[in-house]
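Remarks on the structure that follows.
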Amino acid sequence: MPLAYDHIYWDLLEPARSTRHPLTANVSFKEELTQLPFSPYEIDKLQESESYSDDLVNLEVQAFNAMDGLFKSNNGRYDVKGEPNQTLAIEVLYSNAYLKAKEKNHASHR
(Lines give C-alpha, C1' and ligand atoms only; values in the text may rest on other atoms or scores of the structure.)
Protein backbone atom coordinates (compact mmCIF):
# COMPACT_ATOMS: atom_id res chain seq x y z
CA MET A 1 0.00 0.00 0.00
CA PRO A 2 1.37 3.45 -0.81
CA LEU A 3 2.25 5.67 2.11
CA ALA A 4 -0.28 8.51 2.63
CA TYR A 5 -2.31 7.69 -0.47
CA ASP A 6 -5.21 9.65 1.01
CA HIS A 7 -3.31 12.84 0.13
CA ILE A 8 -2.69 13.90 -3.46
CA TYR A 9 -1.72 10.56 -4.95
CA TRP A 10 -3.92 9.37 -7.78
CA ASP A 11 -3.40 12.53 -9.83
CA LEU A 12 0.39 12.32 -9.72
CA LEU A 13 2.41 10.92 -12.58
CA GLU A 14 5.42 8.67 -12.14
CA PRO A 15 8.05 9.08 -10.77
CA ALA A 16 6.51 11.75 -8.48
CA ARG A 17 3.87 9.29 -7.25
CA SER A 18 6.41 6.66 -6.17
CA THR A 19 8.80 9.25 -4.72
CA ARG A 20 6.19 11.00 -2.59
CA HIS A 21 4.29 7.84 -1.69
CA PRO A 22 6.65 4.87 -1.42
CA LEU A 23 5.09 1.46 -1.04
CA THR A 24 4.70 0.06 2.46
CA ALA A 25 3.69 -3.46 3.49
CA ASN A 26 0.90 -5.06 1.49
CA VAL A 27 -2.35 -4.89 3.45
CA SER A 28 -5.70 -6.08 2.19
CA PHE A 29 -8.62 -3.69 2.24
CA LYS A 30 -10.43 -5.93 4.74
CA GLU A 31 -7.39 -5.98 7.01
CA GLU A 32 -7.15 -2.21 6.81
CA LEU A 33 -10.81 -1.93 7.80
CA THR A 34 -10.17 -3.92 10.98
CA GLN A 35 -7.66 -1.25 12.02
CA LEU A 36 -10.23 1.53 11.71
CA PRO A 37 -12.73 2.44 14.44
CA PHE A 38 -15.83 0.93 12.81
CA SER A 39 -18.59 -0.43 15.01
CA PRO A 40 -19.75 -4.04 14.51
CA TYR A 41 -22.89 -2.63 12.86
CA GLU A 42 -20.81 -0.61 10.40
CA ILE A 43 -18.62 -3.63 9.60
CA ASP A 44 -21.76 -5.67 8.94
CA LYS A 45 -23.10 -2.99 6.60
CA LEU A 46 -19.78 -2.83 4.73
CA GLN A 47 -19.78 -6.61 4.31
CA GLU A 48 -23.40 -6.51 3.14
CA SER A 49 -22.55 -3.81 0.61
CA GLU A 50 -19.57 -5.85 -0.61
CA SER A 51 -21.80 -8.88 -1.10
CA TYR A 52 -24.29 -6.88 -3.18
CA SER A 53 -21.48 -5.37 -5.22
CA ASP A 54 -20.00 -8.84 -5.81
CA ASP A 55 -23.37 -10.06 -7.11
CA LEU A 56 -23.37 -7.27 -9.69
CA VAL A 57 -19.77 -7.87 -10.67
CA ASN A 58 -20.34 -11.60 -11.14
CA LEU A 59 -23.22 -10.96 -13.54
CA GLU A 60 -21.18 -8.34 -15.41
CA VAL A 61 -18.25 -10.76 -15.70
CA GLN A 62 -20.65 -13.35 -17.14
CA ALA A 63 -21.85 -10.83 -19.73
CA PHE A 64 -18.33 -9.70 -20.68
CA ASN A 65 -17.18 -13.28 -21.04
CA ALA A 66 -20.21 -14.12 -23.19
CA MET A 67 -19.13 -11.32 -25.52
CA ASP A 68 -15.72 -13.00 -25.75
CA GLY A 69 -17.17 -16.47 -26.24
CA LEU A 70 -16.15 -17.74 -22.81
CA PHE A 71 -18.59 -19.64 -20.64
CA LYS A 72 -18.50 -21.28 -17.21
CA SER A 73 -17.61 -24.93 -16.90
CA ASN A 74 -18.73 -27.16 -14.02
CA ASN A 75 -15.74 -25.95 -12.00
CA GLY A 76 -17.09 -22.36 -12.10
CA ARG A 77 -14.31 -20.96 -14.29
CA TYR A 78 -14.80 -19.32 -17.65
CA ASP A 79 -12.86 -21.92 -19.60
CA VAL A 80 -15.44 -23.22 -22.06
CA LYS A 81 -14.81 -21.61 -25.43
CA GLY A 82 -17.57 -20.98 -27.92
CA GLU A 83 -18.96 -18.37 -30.23
CA PRO A 84 -19.35 -14.89 -28.75
CA ASN A 85 -22.94 -14.45 -27.60
CA GLN A 86 -24.05 -10.83 -27.53
CA THR A 87 -27.68 -11.84 -27.01
CA LEU A 88 -26.80 -13.67 -23.78
CA ALA A 89 -24.70 -10.73 -22.59
CA ILE A 90 -27.62 -8.35 -23.12
CA GLU A 91 -30.03 -10.77 -21.45
CA VAL A 92 -27.78 -11.01 -18.37
CA LEU A 93 -27.45 -7.23 -18.04
CA TYR A 94 -31.21 -6.73 -18.38
CA SER A 95 -32.25 -9.78 -16.36
CA ASN A 96 -34.34 -9.64 -13.21
CA ALA A 97 -31.32 -11.00 -11.29
CA TYR A 98 -29.17 -8.08 -12.46
CA LEU A 99 -31.86 -5.48 -11.75
CA LYS A 100 -32.47 -6.92 -8.27
CA ALA A 101 -28.74 -6.99 -7.53
CA LYS A 102 -28.45 -3.40 -8.73
CA GLU A 103 -31.38 -2.34 -6.55
CA LYS A 104 -29.89 -4.04 -3.46
CA ASN A 105 -26.49 -2.50 -4.16
CA HIS A 106 -28.04 0.96 -4.51
CA ALA A 107 -30.14 0.56 -1.35
CA SER A 108 -27.09 -0.50 0.67
CA HIS A 109 -25.39 2.82 -0.11
CA ARG A 110 -28.10 4.96 1.46
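Please note that chains go A, B, ... in the order of the C-alpha coordinates, that every chain numbers its residues from 1, and that ligands are numbered from 1 in the order shown.
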Those of chain A in DSSP strand (DSSP E or B), formatted as a PyMOL selection string: chain A and resi 2+23+70-72+78-81
Within 12 Å of Arg77 (chain A) using only C-alpha atoms, minus same-chain residues under 4 positions, as a CSV table (one decimal) with N, CA, C and O atoms, in the first residue's frame:
```csv
chain,number,residue,atom,x,y,z
A,58,ASN,N,-20.3,-10.2,-10.6
A,58,ASN,CA,-20.3,-11.6,-11.1
A,58,ASN,C,-21.2,-11.7,-12.4
A,58,ASN,O,-20.9,-12.4,-13.4
A,61,VAL,N,-19.3,-9.9,-15.2
A,61,VAL,CA,-18.2,-10.8,-15.7
A,61,VAL,C,-18.8,-11.8,-16.6
A,61,VAL,O,-18.3,-12.1,-17.7
A,62,GLN,N,-20.0,-12.4,-16.3
A,62,GLN,CA,-20.6,-13.3,-17.1
A,62,GLN,C,-21.0,-12.7,-18.5
A,62,GLN,O,-20.7,-13.3,-19.5
A,65,ASN,N,-17.7,-12.0,-20.5
A,65,ASN,CA,-17.2,-13.3,-21.0
A,65,ASN,C,-18.0,-13.8,-22.2
A,65,ASN,O,-17.5,-14.4,-23.1
A,70,LEU,N,-16.6,-16.9,-23.9
A,70,LEU,CA,-16.1,-17.7,-22.8
A,70,LEU,C,-17.3,-18.0,-21.9
A,70,LEU,O,-18.0,-17.1,-21.5
A,71,PHE,N,-17.5,-19.2,-21.5
A,71,PHE,CA,-18.6,-19.6,-20.6
A,71,PHE,C,-18.1,-20.5,-19.5
A,71,PHE,O,-17.0,-21.1,-19.6
A,72,LYS,N,-18.9,-20.5,-18.4
A,72,LYS,CA,-18.5,-21.3,-17.2
A,72,LYS,C,-18.6,-22.8,-17.4
A,72,LYS,O,-19.5,-23.3,-18.0
A,73,SER,N,-17.6,-23.5,-16.9
A,73,SER,CA,-17.6,-24.9,-16.9
A,73,SER,C,-18.2,-25.4,-15.5
A,73,SER,O,-18.5,-24.5,-14.7
A,81,LYS,N,-14.9,-22.5,-24.3
A,81,LYS,CA,-14.8,-21.6,-25.4
A,81,LYS,C,-15.9,-21.9,-26.4
A,81,LYS,O,-16.2,-23.1,-26.7
```
Members of chain A assigned alpha helix (DSSP H) by DSSP, as an NGL selection string: :A and (16-20 or 29-34 or 40-68 or 86-93 or 96-108)
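You will find CA of Ile8 (chain A) at 9.4 Å from CA of His21 (chain A).
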Quick one: of A:Tyr98, A:Glu103, A:Pro37, A:Asn74, who's nearest to Val57 (chain A), counting only C-alpha atoms?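 Of A:Tyr98, A:Glu103, A:Pro37, A:Asn74, the one nearest Val57 (chain A), counting only C-alpha atoms, is A:Tyr98.
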Selected residue of minimal separation from Asp54 (chain A) among A:Ala101, A:Ala66, A:Leu33, A:Leu23, counting only C-alpha atoms: A:Ala101
Which one of A:Lys100, A:Gln35, A:His106, A:Gly69 sits closest to Leu88 (chain A) if you count only C-alpha atoms?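 Checking each candidate against Leu88 (chain A), we get A:Gly69 as the closest.
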What separation in Å, quoted to one decimal, exists between CA of Glu42 (chain A) and CA of Glu60 (chain A)?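 According to the coordinates, CA of Glu42 (chain A) and CA of Glu60 (chain A) are separated by 26.9 Å.
Distances from A:Ile43, A:Pro84, A:Gly76, A:Glu50 to Phe64 (chain A) were compared using only C-alpha atoms, and the smallest one belongs to A:Pro84.
The gap separating CA of Pro40 (chain A) from CA of Thr24 (chain A) is 27.6 Å, in Å to one decimal.
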Could you pull the residues within 12 Å of Ala107 (chain A), counting only C-alpha atoms, minus those fewer than 6 positions along the same chain, as a ChimeraX atom specification? /A:45,48-49,52-53,100-101
